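Enquirer: Next up is a structure, given as structure tokens.
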Amino acid sequence: MKIQVVDLGIRGYREVWEMQEKYLEEAKRLKQKHEPVQNTLLLVEHHPVYTLGKSGNEANMLISSLQLRAKHADFIKVDRGGDITFHGPGQLVVYPVVDLEESGIGIKEYVDRLEEVVIRTIAEYGIRGERLAGATGVWLEPGLPEARKICAIGVKCSRYITMHGFALNVNTDLTYFNYIHPCGFTDKGVTSIQQEMGREADMKEVKEKIQKQFGIVMGC
């Protein structure tokens, strides 16, 4: 599978959501005509925003719209799976718009592979990422009271073509997570590469490592 990588820098959430939709619709159009689909990997940091998945509980948003405005953050309901999460500067969000049928994998294996991409990437920083039964994403020490999430995953699939993706906390301001129950959990924390290393990580370097591991794990 061939894939183009587009680094969007820092963009608003709605703008990139609409961009994904355009890539998705074009991919579906080409697929219907039995023409090659252009697989795309979007890399972006968002302006502060809380997003709630279609199966999420709005009660997991713990502050009012007035308080949100004071923090210069948006709140948006989206069409991906999963509950509530935060996106903001210092967090690398990766949106693959890819044809799973071309790769011959199902949605569950796709999510497993996204987790594997992140697990391999953070391992290069000496951080051991793991899976937590019944919860998507990548976790640190999932079996302990100190369990904390470093990466959230929420995807949508239409005619085997994906959108949305994963959000890896690199140098994220983690105080934003104090105002939600992240991914619906009330008893688990969040962390970042910066938090675990005790120093800021180079975002450009993290992007390069993510691309490398995505290529290896997804076979592209």
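Labels used: A, B, ... for chains in the order of the structure tokens, numbers from 1 for residues in each chain, and numbers from 1 for ligands as shown.
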Taking only C-alpha atoms into account, produce a table as JSON lines in which each residue of range 100-148 of chain A with an atom at most 9 Å from an atom of range 193-200 of chain A appears once, together with its shortest atom pair and the distance in Å to one decimal, ordered by chain and rising number.
Expert:
```
{"residue": "A:Ile122", "atom": "CA", "partner": "A:Ile193", "partner_atom": "CA", "distance": 7.4}
{"residue": "A:Tyr125", "atom": "CA", "partner": "A:Met197", "partner_atom": "CA", "distance": 7.7}
{"residue": "A:Gly126", "atom": "CA", "partner": "A:Met197", "partner_atom": "CA", "distance": 8.2}
{"residue": "A:Ile127", "atom": "CA", "partner": "A:Glu196", "partner_atom": "CA", "distance": 7.3}
```
Enquirer: List the spatial neighbours of range 84-91 of chain A as an NGL selection string - criterion: any atom at most 8 Å away, only C-alpha atoms, same-chain residues fewer than 5 positions off excluded.
Expert: :A and (10 or 45-53 or 56-58 or 60-61 or 152 or 167-173 or 176-177 or 180-184 or 203)
Enquirer: Take the residues that were just selected and, keeping C-alpha atoms, output them as a PDB file, in the first residue's frame.
Expert:
```
ATOM      1  CA  ILE A  10      -1.405  23.597  13.734  1.00  0.00           C
ATOM      2  CA  GLU A  45      -1.716  19.671  16.154  1.00  0.00           C
ATOM      3  CA  HIS A  46      -5.084  21.221  16.971  1.00  0.00           C
ATOM      4  CA  HIS A  47      -6.107  24.411  18.704  1.00  0.00           C
ATOM      5  CA  PRO A  48      -7.617  23.449  22.122  1.00  0.00           C
ATOM      6  CA  VAL A  49     -10.780  21.400  21.633  1.00  0.00           C
ATOM      7  CA  TYR A  50     -12.762  18.712  23.431  1.00  0.00           C
ATOM      8  CA  THR A  51     -14.408  16.144  21.159  1.00  0.00           C
ATOM      9  CA  LEU A  52     -17.171  13.713  22.128  1.00  0.00           C
ATOM     10  CA  GLY A  53     -17.638  10.466  20.180  1.00  0.00           C
ATOM     11  CA  GLY A  56     -19.927   9.188  24.469  1.00  0.00           C
ATOM     12  CA  ASN A  57     -21.592  10.643  27.550  1.00  0.00           C
ATOM     13  CA  GLU A  58     -21.823  14.427  27.655  1.00  0.00           C
ATOM     14  CA  ASN A  60     -17.973  13.458  31.096  1.00  0.00           C
ATOM     15  CA  MET A  61     -17.483  17.132  30.170  1.00  0.00           C
ATOM     16  CA  ALA A 152      -6.369   7.911  22.598  1.00  0.00           C
ATOM     17  CA  ALA A 167      -3.889  11.367  19.426  1.00  0.00           C
ATOM     18  CA  LEU A 168      -0.484  10.955  21.079  1.00  0.00           C
ATOM     19  CA  ASN A 169       0.359  13.253  23.974  1.00  0.00           C
ATOM     20  CA  VAL A 170       3.864  14.514  23.229  1.00  0.00           C
ATOM     21  CA  ASN A 171       4.274  17.881  25.000  1.00  0.00           C
ATOM     22  CA  THR A 172       0.569  18.371  25.761  1.00  0.00           C
ATOM     23  CA  ASP A 173      -0.612  20.665  28.561  1.00  0.00           C
ATOM     24  CA  TYR A 176      -6.799  20.409  30.123  1.00  0.00           C
ATOM     25  CA  PHE A 177      -7.657  16.800  31.016  1.00  0.00           C
ATOM     26  CA  ILE A 180     -13.149  15.900  31.643  1.00  0.00           C
ATOM     27  CA  HIS A 181     -13.345  12.218  32.433  1.00  0.00           C
ATOM     28  CA  PRO A 182     -10.873  11.266  29.670  1.00  0.00           C
ATOM     29  CA  CYS A 183     -12.389   8.597  27.403  1.00  0.00           C
ATOM     30  CA  GLY A 184     -15.056   8.149  30.090  1.00  0.00           C
ATOM     31  CA  MET A 203       7.813  17.145  17.770  1.00  0.00           C
TER      32      MET A 203
END
```
Enquirer: Of the residues A:Val5, A:Cys157, A:Leu43, A:Met19, which is the one nearest to Glu101 in chain A, using only C-alpha atoms?
Expert: A:Cys157
Enquirer: Kindly indicate which residue among A:Trp17, A:Phe214, A:Tyr95, A:Tyr179 lies nearest to Leu62 in chain A, using only C-alpha atoms for the distances.
Expert: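 Comparing A:Trp17, A:Phe214, A:Tyr95, A:Tyr179 against Leu62 in chain A, the winner is A:Tyr179.
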Enquirer: Could you check which of A:Lys204, A:Lys108, A:His34, A:His164 is closest to Glu18 in chain A, using only C-alpha atoms?
Expert: A:His164
Enquirer: Let's see if you can do this: from backbone DSSP, list all alpha helix (DSSP H) residues in range 129-201 of chain A, as a VMD selection string.
Expert: chain A and resid 193 to 197
Enquirer: Measuring between only C-alpha atoms, which one of A:Ile153, A:Ile161, A:Val37, A:Leu114 shows the shortest distance to Gln20 in chain A?
Expert: A:Ile161
Enquirer: For Glu35 in chain A, which of A:Ala73, A:Asp99, A:Thr191, A:Ser158 is the closest residue, counting only C-alpha atoms?
Expert: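 Closest to Glu35 in chain A of all the choices is A:Asp99.
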